[in-house]
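*Asks:* First the structure, which I've put down as structure tokens, then a few questions once you've had a look.
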Amino acid sequence: MRSLKAESTLTDRYQTTVPETVRRALHLGKRDKLHYSIRPNGEVVLTRAGLPLEEDPVLGRFLDFLAHDMVAHPERLQALDSGLMERIQTLVGPVAVNLDEPLRPEDE
């Protein structure tokens, strides 16, 4: 998948207009809040603030894509064999996973 890029200019008051491609990608409307995550390498990740995980637009579209693909092409579905499961276990090791535990933000 190709990444989209956009840029904008800061005004004298340090304000900017969010480019249309970014507004569409984040489903932003007027008065929506933005969230900035600053990573140690200087990257800044911009997301729409206040979206519960259940309403994540990217995750939702991805899950819709998977569901549609499974219905359209059931012949592609394969059961996990024991060899693959053993390989997965060697890669992840004895990592305890609690599927009911909420995810922590990346910056914690």
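Here, A, B, ... name the chains of the structure tokens in the order displayed, residue numbers run from 1 inside each chain, and ligands are numbered from 1 in the same displayed order.
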I need the strand (DSSP E or B) residues of stretch 14-84 of chain A per DSSP on the backbone, written as a PyMOL selection string.
*Replies:* chain A and resi 34-38+44-48
*Asks:* Just write the chosen residues, C-alpha atoms, as a compact mmCIF listing (two decimals), in the first residue's frame.
*Replies:*
# COMPACT_ATOMS: atom_id res chain seq x y z
CA LEU A 34 -6.54 16.23 17.23
CA HIS A 35 -4.10 14.10 19.22
CA TYR A 36 -0.31 14.32 18.71
CA SER A 37 2.07 11.55 19.78
CA ILE A 38 5.73 12.51 19.65
CA VAL A 44 4.89 13.00 15.21
CA VAL A 45 1.79 10.84 14.79
CA LEU A 46 -1.44 12.76 14.29
CA THR A 47 -4.72 11.03 15.10
CA ARG A 48 -8.28 12.09 15.74
*Asks:* List the spatial neighbours of A:Pro57 as a list in words - criterion: any atom at most 9 Å away, only C-alpha atoms, same-chain residues fewer than 4 positions off excluded.
*Replies:*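 In the requested form, the answer reads Ala25, Leu26, His27, Leu51, Arg61 and Phe62 of chain A.
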*Asks:* Now that the selection is made, can you save its residues with N, CA and C atoms as a PDB file, in the first residue's frame?
*Replies:*
ATOM      1  N   ALA A  25      -8.735  11.032   5.630  1.00  0.00           N
ATOM      2  CA  ALA A  25      -8.186   9.805   6.226  1.00  0.00           C
ATOM      3  C   ALA A  25      -8.615   9.642   7.679  1.00  0.00           C
ATOM      4  N   LEU A  26      -8.688  10.756   8.413  1.00  0.00           N
ATOM      5  CA  LEU A  26      -9.043  10.710   9.834  1.00  0.00           C
ATOM      6  C   LEU A  26     -10.524  10.962  10.086  1.00  0.00           C
ATOM      7  N   HIS A  27     -11.288  11.154   9.007  1.00  0.00           N
ATOM      8  CA  HIS A  27     -12.725  11.460   9.127  1.00  0.00           C
ATOM      9  C   HIS A  27     -12.946  12.656  10.053  1.00  0.00           C
ATOM     10  N   LEU A  51     -11.501   9.006  19.862  1.00  0.00           N
ATOM     11  CA  LEU A  51     -12.180   7.872  19.241  1.00  0.00           C
ATOM     12  C   LEU A  51     -11.975   6.631  20.099  1.00  0.00           C
ATOM     13  N   ARG A  61     -12.315  -0.418   8.776  1.00  0.00           N
ATOM     14  CA  ARG A  61     -12.258  -0.700   7.334  1.00  0.00           C
ATOM     15  C   ARG A  61     -11.465  -1.962   7.052  1.00  0.00           C
ATOM     16  N   PHE A  62     -10.390  -2.192   7.815  1.00  0.00           N
ATOM     17  CA  PHE A  62      -9.594  -3.401   7.620  1.00  0.00           C
ATOM     18  C   PHE A  62     -10.416  -4.643   7.967  1.00  0.00           C
TER      19      PHE A  62
END
*Asks:* Could you write out, as a short mmCIF file (atom, residue, chain, number, x, y, z; two decimals) with C-alpha atoms, in the first residue's frame, all the residues of chain A that DSSP marks as alpha helix (DSSP H)?
*Replies:*
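Done, and the output landed in states_33.cif:
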data_model
loop_
_atom_site.label_atom_id
_atom_site.label_comp_id
_atom_site.auth_asym_id
_atom_site.auth_seq_id
_atom_site.Cartn_x
_atom_site.Cartn_y
_atom_site.Cartn_z
CA GLU A 20 -7.89 17.60 2.79
CA THR A 21 -6.22 14.19 2.41
CA VAL A 22 -5.54 14.11 6.16
CA ARG A 23 -9.08 15.26 7.01
CA ARG A 24 -10.51 12.48 4.86
CA ALA A 25 -8.19 9.81 6.23
CA LEU A 26 -9.04 10.71 9.83
CA PRO A 57 -11.93 4.01 11.25
CA VAL A 58 -8.80 2.30 9.91
CA LEU A 59 -9.28 -0.85 11.96
CA GLY A 60 -12.97 -0.91 11.06
CA ARG A 61 -12.26 -0.70 7.33
CA PHE A 62 -9.59 -3.40 7.62
CA LEU A 63 -11.95 -5.75 9.46
CA ASP A 64 -14.68 -5.04 6.89
CA PHE A 65 -12.18 -5.88 4.14
CA LEU A 66 -11.29 -9.18 5.82
CA ALA A 67 -14.94 -10.12 6.34
CA HIS A 68 -15.80 -9.32 2.71
CA ASP A 69 -12.78 -11.27 1.44
CA MET A 70 -13.67 -14.34 3.52
CA VAL A 71 -17.23 -14.32 2.17
CA ALA A 72 -16.11 -13.71 -1.43
CA SER A 82 0.18 -28.12 14.23
CA GLY A 83 3.51 -27.38 12.50
CA LEU A 84 2.60 -23.73 12.02
CA MET A 85 1.33 -23.47 15.59
CA GLU A 86 4.65 -24.88 16.88
CA ARG A 87 6.55 -22.36 14.72
CA ILE A 88 4.45 -19.50 16.11
CA GLN A 89 5.16 -20.68 19.67
CA THR A 90 8.93 -20.66 19.01
CA LEU A 91 8.68 -17.09 17.73
CA VAL A 92 6.62 -15.62 20.56
#
